[in-house]
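The file target.cif comes next; it holds mmCIF, C-alpha atoms.
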```cif
data_query
loop_
_atom_site.label_atom_id
_atom_site.label_comp_id
_atom_site.auth_asym_id
_atom_site.auth_seq_id
_atom_site.Cartn_x
_atom_site.Cartn_y
_atom_site.Cartn_z
CA MET A 506 51.42 125.16 214.87
CA THR A 507 50.26 128.23 212.92
CA ARG A 508 52.65 127.38 210.10
CA CYS A 509 51.32 123.81 209.95
CA TRP A 510 47.75 125.06 209.68
CA GLN A 511 48.75 127.46 206.91
CA LEU A 512 50.31 124.61 204.96
CA LEU A 513 47.25 122.41 205.51
CA ILE A 514 44.85 125.13 204.36
CA GLY A 515 47.05 125.81 201.34
CA LEU A 516 46.99 122.12 200.43
CA ILE A 517 43.20 121.99 200.74
CA VAL A 518 42.85 125.04 198.49
CA LEU A 519 45.23 123.53 195.93
CA VAL A 520 43.36 120.22 195.88
CA GLY A 521 40.07 122.05 195.57
CA TRP A 522 41.39 124.11 192.67
CA ALA A 523 42.68 121.00 190.90
CA SER A 524 39.34 119.25 191.34
CA GLY A 525 37.53 122.26 189.92
CA ALA A 526 39.88 122.45 186.98
CA GLN A 527 39.24 118.80 186.18
CA ALA A 528 35.50 119.40 186.02
CA PHE A 529 35.77 121.37 182.77
CA THR A 530 37.72 119.09 180.47
CA LEU A 531 35.10 119.30 177.73
CA GLU A 532 35.15 123.09 177.79
CA THR A 533 38.96 123.15 177.84
CA VAL A 534 39.20 120.82 174.84
CA LYS A 535 36.63 122.87 172.92
CA GLN A 536 38.39 126.16 173.65
CA ARG A 537 41.72 124.69 172.61
CA ASP A 538 40.04 123.07 169.60
CA LEU A 539 42.41 120.15 170.07
CA LEU A 540 42.38 116.92 172.08
CA ASN A 541 45.62 116.00 173.83
CA CYS A 542 45.68 112.22 173.99
CA GLY A 543 48.38 110.12 175.66
CA VAL A 544 49.42 106.88 173.95
CA THR A 545 51.98 104.13 174.41
CA ALA A 546 54.33 104.68 171.50
CA GLY A 547 56.13 102.03 169.51
CA VAL A 548 53.65 99.15 169.80
CA ARG A 549 52.64 98.10 166.29
CA GLY A 550 48.92 98.01 165.78
CA PHE A 551 48.21 100.22 168.79
CA ALA A 552 50.22 103.44 168.50
CA THR A 553 52.99 104.11 165.98
CA ALA A 554 53.81 107.02 163.70
CA ASP A 555 54.47 106.18 160.04
CA GLU A 556 57.19 107.69 157.86
CA THR A 557 55.02 110.78 157.25
CA GLY A 558 54.48 111.29 160.98
CA ARG A 559 50.84 110.18 160.89
CA TRP A 560 49.81 108.14 163.92
CA GLN A 561 48.12 104.78 163.41
CA GLY A 562 46.74 102.06 165.67
CA LEU A 563 43.78 100.90 167.70
CA ASP A 564 44.53 103.18 170.66
CA VAL A 565 45.11 106.07 168.27
CA ASP A 566 41.71 105.58 166.63
CA ILE A 567 39.97 105.68 170.01
CA CYS A 568 41.44 109.17 170.45
CA ARG A 569 40.27 110.15 166.97
CA ALA A 570 36.76 108.92 167.76
CA VAL A 571 36.61 111.20 170.83
CA ALA A 572 37.82 114.15 168.75
CA ALA A 573 35.17 113.45 166.08
CA ALA A 574 32.43 113.44 168.73
CA VAL A 575 33.59 116.51 170.65
CA LEU A 576 35.29 118.71 168.05
CA GLY A 577 33.63 117.51 164.86
CA ASP A 578 36.93 116.45 163.31
CA ALA A 579 38.78 113.20 164.01
CA GLU A 580 42.07 114.83 163.00
CA LYS A 581 42.00 117.41 165.80
CA VAL A 582 44.20 115.31 168.07
CA LYS A 583 47.69 115.87 169.42
CA PHE A 584 49.18 112.48 170.22
CA VAL A 585 51.54 112.54 173.19
CA ALA A 586 53.86 109.52 173.26
CA LEU A 587 54.44 108.46 176.86
CA PRO A 588 56.51 105.68 178.46
CA GLN A 589 54.30 103.46 180.59
CA GLN A 590 55.77 104.71 183.87
CA ALA A 591 54.88 108.33 182.99
CA GLN A 592 51.37 107.86 181.61
CA LEU A 593 49.28 108.20 184.75
CA THR A 594 51.30 111.18 185.99
CA ALA A 595 50.83 112.95 182.66
CA LEU A 596 47.07 112.53 182.92
CA LEU A 597 46.91 113.64 186.54
CA SER A 598 48.99 116.74 185.80
CA GLY A 599 46.77 117.78 182.90
CA THR A 600 49.45 117.27 180.26
CA VAL A 601 46.90 115.12 178.41
CA ASP A 602 43.10 115.14 178.48
CA MET A 603 42.84 111.35 178.37
CA LEU A 604 44.91 108.22 177.94
CA SER A 605 44.32 105.63 175.26
CA ALA A 606 47.28 103.50 176.18
CA MET A 607 48.33 100.02 177.19
CA THR A 608 47.93 100.50 180.94
CA PRO A 609 45.98 97.51 182.34
CA TRP A 610 42.79 98.26 184.28
CA THR A 611 43.40 97.53 187.96
CA LEU A 612 41.74 98.27 191.29
CA THR A 613 44.56 100.67 192.17
CA ILE A 614 43.89 102.93 189.18
CA ASP A 615 40.21 103.31 190.05
CA SER A 616 40.54 103.49 193.82
CA SER A 617 43.65 105.36 194.88
CA MET A 618 45.17 107.26 191.95
CA GLY A 619 42.47 109.82 191.17
CA LEU A 620 41.74 108.19 187.81
CA LEU A 621 38.96 106.16 186.20
CA VAL A 622 39.00 103.65 183.35
CA THR A 623 36.02 104.42 181.11
CA GLY A 624 35.70 100.97 179.54
CA ILE A 625 37.62 98.23 177.77
CA SER A 626 38.89 98.86 174.26
CA PHE A 627 41.07 95.74 174.12
CA TYR A 628 41.03 92.50 176.11
CA ASP A 629 44.68 91.60 176.54
CA GLY A 630 46.58 89.06 178.57
CA GLN A 631 49.85 87.20 178.92
CA SER A 632 50.68 84.68 176.20
CA PHE A 633 53.68 82.96 174.59
CA LEU A 634 55.82 83.51 171.50
CA VAL A 635 57.74 80.46 170.24
CA LYS A 636 59.94 79.52 167.33
CA LYS A 637 57.89 77.50 164.87
CA ARG A 638 60.67 74.94 164.61
CA LEU A 639 59.91 74.00 168.22
CA GLY A 640 56.86 72.27 166.75
CA VAL A 641 54.29 73.32 169.36
CA LYS A 642 50.80 74.71 168.66
CA SER A 643 49.64 75.16 172.24
CA ALA A 644 51.03 76.27 175.58
CA LEU A 645 49.94 72.88 176.89
CA GLU A 646 52.83 71.43 174.87
CA LEU A 647 55.48 73.52 176.67
CA ASP A 648 56.41 70.91 179.27
CA GLY A 649 60.12 71.35 180.09
CA ALA A 650 60.44 74.60 178.11
CA THR A 651 62.95 77.34 178.90
CA ILE A 652 61.18 80.70 179.01
CA CYS A 653 62.53 84.26 178.72
CA LEU A 654 60.62 86.47 181.10
CA PRO A 655 60.48 90.27 180.90
CA ASP A 656 58.68 92.41 183.50
CA GLY A 657 59.62 90.32 186.53
CA ARG A 658 57.30 89.12 189.24
CA ARG A 659 53.89 89.75 187.66
CA ARG A 660 54.68 87.60 184.65
CA GLN A 661 56.39 84.99 186.85
CA ASP A 662 53.33 84.58 189.06
CA HIS A 663 51.10 83.95 186.05
CA LEU A 664 53.58 81.41 184.69
CA ASN A 665 53.74 79.58 188.00
CA ASP A 666 49.95 79.38 188.22
CA PHE A 667 49.49 78.16 184.64
CA PHE A 668 52.20 75.49 184.70
CA ARG A 669 51.19 74.27 188.16
CA GLU A 670 47.54 73.99 187.15
CA HIS A 671 48.45 71.87 184.11
CA GLU A 672 51.21 69.91 185.87
CA LEU A 673 53.90 71.09 183.47
CA ARG A 674 57.57 71.84 184.15
CA PHE A 675 59.51 74.90 182.99
CA THR A 676 62.56 77.00 183.72
CA SER A 677 62.59 80.76 183.35
CA THR A 678 65.12 83.57 183.17
CA GLY A 679 64.06 87.11 184.03
CA PHE A 680 65.08 90.27 182.15
CA ASP A 681 64.54 93.95 182.84
CA THR A 682 63.18 94.71 179.37
CA LEU A 683 61.41 92.99 176.51
CA GLU A 684 64.33 93.89 174.23
CA LEU A 685 66.81 91.96 176.37
CA ALA A 686 64.51 88.95 176.60
CA THR A 687 64.00 89.01 172.83
CA ARG A 688 67.74 89.00 172.20
CA GLU A 689 68.12 85.84 174.26
CA LEU A 690 65.22 84.18 172.42
CA VAL A 691 66.87 84.93 169.07
CA ASN A 692 70.24 83.71 170.36
CA GLY A 693 68.72 80.43 171.53
CA ARG A 694 69.16 80.86 175.28
CA CYS A 695 65.46 80.18 175.66
CA GLU A 696 62.75 78.57 173.53
CA VAL A 697 59.83 80.78 174.50
CA ILE A 698 59.20 84.39 175.45
CA THR A 699 56.15 85.46 177.44
CA ASP A 700 54.52 88.88 177.57
CA SER A 701 51.17 90.47 176.81
CA ARG A 702 49.57 89.12 173.65
CA SER A 703 49.47 92.59 172.07
CA ARG A 704 53.20 93.14 172.57
CA LEU A 705 54.09 89.69 171.27
CA TYR A 706 52.22 90.25 168.00
CA SER A 707 53.96 93.60 167.65
CA LEU A 708 57.32 92.02 168.50
CA ARG A 709 56.94 89.37 165.83
CA LEU A 710 56.82 92.11 163.17
CA LEU A 711 60.06 93.60 164.44
CA LEU A 712 62.04 90.35 164.37
CA GLU A 713 64.29 89.86 161.37
CA HIS A 714 62.64 86.54 160.54
CA GLY A 715 59.27 87.15 162.15
CA ASP A 716 57.50 84.54 160.04
CA GLU A 717 59.54 81.90 161.87
CA TYR A 718 57.72 82.68 165.13
CA LEU A 719 54.22 81.89 166.38
CA VAL A 720 52.04 83.42 169.11
CA LEU A 721 50.30 80.56 170.90
CA PRO A 722 46.51 80.81 171.41
CA GLU A 723 46.42 80.54 175.21
CA VAL A 724 46.00 83.69 177.32
CA ILE A 725 46.95 83.08 180.95
CA SER A 726 46.10 86.40 182.62
CA ARG A 727 43.56 89.21 182.47
CA GLU A 728 45.00 92.55 181.35
CA PRO A 729 42.19 94.58 179.75
CA HIS A 730 42.95 98.17 178.88
CA GLY A 731 40.93 101.13 177.71
CA PRO A 732 40.63 104.93 177.84
CA ILE A 733 41.46 106.55 181.18
CA VAL A 734 40.38 109.97 182.48
CA ARG A 735 40.77 111.91 185.73
CA GLN A 736 38.29 111.50 188.55
CA GLY A 737 36.11 114.49 189.39
CA ASP A 738 34.80 115.19 185.87
CA ASP A 739 31.73 113.01 185.41
CA GLY A 740 30.74 114.70 182.16
CA TRP A 741 34.06 113.99 180.46
CA PHE A 742 34.06 110.44 181.84
CA ALA A 743 30.62 109.84 180.29
CA ILE A 744 31.67 111.24 176.91
CA VAL A 745 34.78 109.07 176.59
CA ARG A 746 32.90 106.01 177.86
CA TRP A 747 30.03 106.44 175.40
CA VAL A 748 32.35 107.10 172.49
CA LEU A 749 33.73 103.62 173.10
CA PHE A 750 30.23 102.17 173.45
CA THR A 751 29.25 103.91 170.21
CA LEU A 752 31.96 102.06 168.30
CA LEU A 753 30.60 98.75 169.61
CA THR A 754 26.95 99.69 169.06
CA ALA A 755 27.63 100.67 165.47
CA GLU A 756 29.19 97.27 164.80
CA GLU A 757 26.17 95.54 166.33
CA TYR A 758 23.78 97.65 164.20
CA GLY A 759 25.84 96.96 161.08
CA LEU A 760 26.73 100.65 160.62
CA ARG A 761 30.07 101.22 158.90
CA SER A 762 32.00 104.20 157.63
CA ASP A 763 31.18 103.25 154.03
CA THR A 764 27.44 102.81 154.67
CA ILE A 765 26.58 105.34 157.37
CA ASP A 766 25.54 107.92 154.75
CA THR A 767 23.00 105.55 153.20
CA VAL A 768 20.83 104.99 156.28
CA ALA A 769 19.02 108.34 156.51
CA THR A 770 15.70 106.64 155.69
CA ASP A 771 16.34 103.44 157.66
CA ALA A 772 13.11 102.32 159.33
CA ASP A 773 14.88 101.10 162.48
CA PRO A 774 14.25 103.76 165.17
CA ARG A 775 17.53 102.79 166.88
CA VAL A 776 19.43 103.76 163.74
CA GLN A 777 17.52 107.03 163.44
CA ASP A 778 18.43 107.89 167.03
CA PHE A 779 22.03 106.86 166.40
CA ILE A 780 22.56 109.15 163.40
CA GLY A 781 20.83 112.06 165.11
CA GLN A 782 17.65 112.17 163.03
CA THR A 783 15.53 111.57 166.13
CA GLY A 784 16.04 111.26 169.87
CA ASN A 785 17.71 113.63 172.30
CA PHE A 786 20.05 111.46 174.38
CA HIS A 787 22.96 113.52 173.08
CA LYS A 788 21.89 116.41 175.31
CA GLY A 789 22.94 114.57 178.47
CA LEU A 790 26.50 114.42 177.12
CA GLY A 791 26.63 118.09 176.18
CA LEU A 792 27.17 117.20 172.52
CA ASP A 793 25.20 117.87 169.35
CA ALA A 794 22.84 115.36 167.75
CA ARG A 795 25.31 114.20 165.09
CA TRP A 796 28.16 113.20 167.40
CA ALA A 797 27.74 109.43 166.98
CA TYR A 798 27.28 109.73 163.22
CA ARG A 799 30.57 111.62 162.95
CA ILE A 800 32.47 108.94 164.86
CA ILE A 801 31.45 106.22 162.41
CA ASN A 802 31.67 108.44 159.34
CA GLN A 803 35.21 109.59 160.12
CA VAL A 804 36.71 106.67 162.08
CA GLY A 805 34.51 103.59 161.58
CA ASN A 806 32.99 101.07 163.96
CA TYR A 807 34.98 98.88 166.34
CA ALA A 808 35.29 96.02 163.84
CA GLU A 809 36.71 98.36 161.20
CA ILE A 810 39.24 99.77 163.66
CA PHE A 811 40.27 96.34 164.93
CA GLU A 812 40.68 94.76 161.50
CA ARG A 813 42.75 97.55 159.97
CA THR A 814 45.02 98.02 162.98
CA VAL A 815 45.61 94.58 164.53
CA GLY A 816 43.27 92.21 162.68
CA HIS A 817 43.49 90.31 159.43
CA GLN A 818 43.55 93.43 157.26
CA SER A 819 46.75 94.48 159.05
CA THR A 820 50.26 93.05 159.07
CA ILE A 821 49.65 91.74 162.60
CA GLY A 822 46.84 89.33 161.72
CA MET A 823 45.29 88.88 165.16
CA ASP A 824 42.00 87.01 165.60
CA ARG A 825 39.17 88.87 167.31
CA GLY A 826 38.93 86.26 170.10
CA LEU A 827 37.73 87.88 173.32
CA ASN A 828 37.57 91.19 171.44
CA ALA A 829 34.58 90.04 169.39
CA LEU A 830 31.08 91.20 170.25
CA TRP A 831 29.15 89.37 172.96
CA ASN A 832 26.88 87.70 170.36
CA ARG A 833 29.85 86.45 168.34
CA GLY A 834 31.77 84.64 171.04
CA GLY A 835 33.57 87.65 172.55
CA LEU A 836 33.25 89.87 175.60
CA HIS A 837 32.52 93.29 174.12
CA TYR A 838 29.11 94.57 175.14
CA ALA A 839 27.60 98.06 175.05
CA PRO A 840 24.59 99.20 177.10
CA PRO A 841 21.56 100.38 175.10
CA MET A 842 21.84 103.84 173.55
CA ARG A 843 18.54 105.28 174.65
#
```

Any chance you could put this one into structure tokens?
Amino acid sequence: MTRCWQLLIGLIVLVGWASGAQAFTLETVKQRDLLNCGVTAGVRGFATADETGRWQGLDVDICRAVAAAVLGDAEKVKFVALPQQAQLTALLSGTVDMLSAMTPWTLTIDSSMGLLVTGISFYDGQSFLVKKRLGVKSALELDGATICLPDGRRRQDHLNDFFREHELRFTSTGFDTLELATRELVNGRCEVITDSRSRLYSLRLLLEHGDEYLVLPEVISREPHGPIVRQGDDGWFAIVRWVLFTLLTAEEYGLRSDTIDTVATDADPRVQDFIGQTGNFHKGLGLDARWAYRIINQVGNYAEIFERTVGHQSTIGMDRGLNALWNRGGLHYAPPMR
């Protein structure tokens, strides 16, 4: 019995120490003068390293925005490429300070894993990639289609629901990986492949004749993802959350990386607060007055990030869709910065 109590006390002390350690992420990052940010590597438009080793992508730029706010320099980031099954463990263990990866926001993450999603950086969901020669423009035209299905049951359930709702028939074949499913699509074993919209757009670029394929407009599931931090550090949670909100607010205000230096005399008090000329809301985050200005100056607003990484200025060419601002037909919405 004594030994059991010793083990229990030791576990309590260890948990308490871990919780205390988590409470100082901001200080740890500042002392290190470097942000360790976990990303999902190899997904075009979200996190890839170019031939010079420089990381690019929407998730990558979220990390850079946090570094600009906290460390004053968007380049002070170490990107840690993590397979999806290792991402949450890496964050919990302290290997990374935050995740900006393609892990969907679920109840389990927030409730039983010791983690918190700070907000949504990309509204994703399951869609369909087809060969253009199939002649379809909509998933509603897929009656009788044969579908290659990676990622097993989750994707299957969404397929079943969508086709049942629209009274369509289909046959599907499951595969352990997206690579295997893609091979069968190319070989003609199936006419359609289904996966998250973000991965399908990335996949199309990797195919030898990618221009012969089309991502259909329908999204049949909800899979939003965004920056994730550890529970127990409210200050760090607030910083990462409001960095994301700052990107959205800047777009709504019309503040861009190429114009942010021209608004010092702007009469709008919201803009003056934003660039740090007035206001003191930065104090609650433990940052200096110019933190939001630096984000836009060095990284850009959300629209700039989206367009150059996955939008029409990129090779991916994705429409904003649900990722537009709330007043432009999308779902992105930031609380007031005051």

**Shell around Asp578 of chain A at 9 Å using all atoms listed in the file, local window under 6 positions removed, as a list in words** =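 Residues meeting the cut-off are Arg569, Ala570, Ala572, Arg799, Ile800 and Gln803 of chain A.
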
Find the axis-aligned box for segment 643-656 of chain A, covering all its listed atoms and adding 4 Å on each side, and write its centre and edge lengths in Å to one decimal as AutoDock Vina command-line options.
```
--center_x 56.3 --center_y 81.7 --center_z 177.9 --size_x 21.3 --size_y 29.5 --size_z 19.3
```

**Asked** Hey, what's within 9 Å of Arg813 of chain A if we count all atoms listed in the file and toss same-chain stuff fewer than 4 positions away? As an MDAnalysis selection string, please?
**Response** chainID A and resid 550 562:563 808:809 817:820

**Message:** Applying the PyMOL selection byres ((chain A and resi 767-769) around 12) to the file I just gave you, which residues come out? Please list them as number ranges by chain.
**Reply:** A: 758-766, 770-783, 798, 802

**Asked** How would you write, as a ChimeraX atom specification, the residues chosen by the PyMOL selection byres ((chain A and resi 839) around 10) on this structure?
**Response** /A:624,746-747,749-755,757,830-831,836-838,840-842

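Shortest atom-to-atom contact with Glu532 of chain A among A:Met823, A:Ile567, A:Met607, A:Leu576: A:Leu576, counting all atoms listed in the file.
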
**Request:** For each of A:Gly737, A:Gly791, A:Pro732, A:Gly816, take the minimum atom-to-atom distance to Val601 of chain A, counting all atoms listed in the file, then give the residue where this is smallest.
**Result:**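 Among A:Gly737, A:Gly791, A:Pro732, A:Gly816, it is A:Pro732 that comes nearest to Val601 of chain A.
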
**Fill in**
Among A:Asp681, A:Asp615, A:Asp629, A:Glu556, Arg727 of chain A is approached most closely, using only C-alpha atoms, by A:Asp629

**Message:** For the provided coordinates, the residues matched by the PyMOL selection byres ((chain A and resi 608) around 9) should be stated as an MDAnalysis selection string.
**Reply:** chainID A and resid 545 589 592:593 604:607 609:611 728:731 733

**Request:** Work out how far apart atom CA of Val534 of chain A and atom CA of Arg549 of chain A are and give it in Å to one decimal.
**Result:**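 If I compute the distance from atom CA of Val534 of chain A to atom CA of Arg549 of chain A, I get 27.7 Å.
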
**Item:** Exercise: residues within 10 Å of coordinate (46.9, 112.8, 164.6), counting only C-alpha atoms, as a ChimeraX atom specification
**Value:** /A:540-542,554,558-561,565-566,568-569,579-585

**Request:** Mind giving me the straight-line distance from atom CA of Ile652 of chain A to atom CA of Thr699 of chain A in Å, one decimal?
**Result:**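 Interatomic distance, atom CA of Ile652 of chain A to atom CA of Thr699 of chain A: 7.1 Å.
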
Contact residues around Leu712 of chain A with all atoms listed in the file at 12 Å, ignoring same-chain residues under 3 positions, as a PDB file with C-alpha atoms, in the frame of the given file:
```
ATOM      1  CA  LEU A 634      55.820  83.510 171.500  1.00  0.00           C
ATOM      2  CA  LYS A 636      59.940  79.520 167.330  1.00  0.00           C
ATOM      3  CA  GLU A 684      64.330  93.890 174.230  1.00  0.00           C
ATOM      4  CA  THR A 687      64.000  89.010 172.830  1.00  0.00           C
ATOM      5  CA  ARG A 688      67.740  89.000 172.200  1.00  0.00           C
ATOM      6  CA  LEU A 690      65.220  84.180 172.420  1.00  0.00           C
ATOM      7  CA  VAL A 691      66.870  84.930 169.070  1.00  0.00           C
ATOM      8  CA  LEU A 705      54.090  89.690 171.270  1.00  0.00           C
ATOM      9  CA  TYR A 706      52.220  90.250 168.000  1.00  0.00           C
ATOM     10  CA  SER A 707      53.960  93.600 167.650  1.00  0.00           C
ATOM     11  CA  LEU A 708      57.320  92.020 168.500  1.00  0.00           C
ATOM     12  CA  ARG A 709      56.940  89.370 165.830  1.00  0.00           C
ATOM     13  CA  GLY A 715      59.270  87.150 162.150  1.00  0.00           C
ATOM     14  CA  ASP A 716      57.500  84.540 160.040  1.00  0.00           C
ATOM     15  CA  GLU A 717      59.540  81.900 161.870  1.00  0.00           C
ATOM     16  CA  TYR A 718      57.720  82.680 165.130  1.00  0.00           C
ATOM     17  CA  LEU A 719      54.220  81.890 166.380  1.00  0.00           C
TER      18      LEU A 719
END
```

**Request:** Fewer than 3 positions away in the same chain doesn't count, so skip those; otherwise give me all residues within 12 Å of Leu531 of chain A, counting all atoms listed in the file, as a ChimeraX atom specification.
**Result:** /A:526-528,534-541,571-572,574-576,602-603,734,738-745,790-792

Restrict the calculation to all atoms listed in the file, then for each residue of segment 616-641 of chain A with any atom at most 12 Å from an atom of segment 662-677 of chain A give the closest atom pair and their distance in Å to one decimal, rows by chain and rising residue number, as JSON lines.
```
{"residue": "A:Gly630", "atom": "CA", "partner": "A:His663", "partner_atom": "CA", "distance": 10.1}
{"residue": "A:Gln631", "atom": "CA", "partner": "A:His663", "partner_atom": "CA", "distance": 7.9}
{"residue": "A:Ser632", "atom": "CA", "partner": "A:Leu664", "partner_atom": "CA", "distance": 9.5}
{"residue": "A:Phe633", "atom": "CA", "partner": "A:Leu664", "partner_atom": "CA", "distance": 10.2}
```

**Request:** Give me, please, the distance in Å between atom CA of Thr613 of chain A and atom CA of Val724 of chain A, quoted to one decimal.
**Result:**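 Computing it gives 22.6 Å between the two atoms.
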
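You can rank A:Leu612, A:Leu596, A:Val622, A:Leu827 by their closest distance to Arg702 of chain A using only C-alpha atoms, and at the top of that list sits A:Leu827.
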
**Item:** Residues within 7 Å of (41.3, 111.5, 186.9), file coords, only C-alpha atoms, listed as a PyMOL selection string
**Value:** chain A and resi 597+619-621+734-737

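Using all atoms listed in the file, the nearest neighbour of Gly805 of chain A within the list A:Asp793, A:Phe680, A:Arg833, A:Ala573 is A:Ala573.
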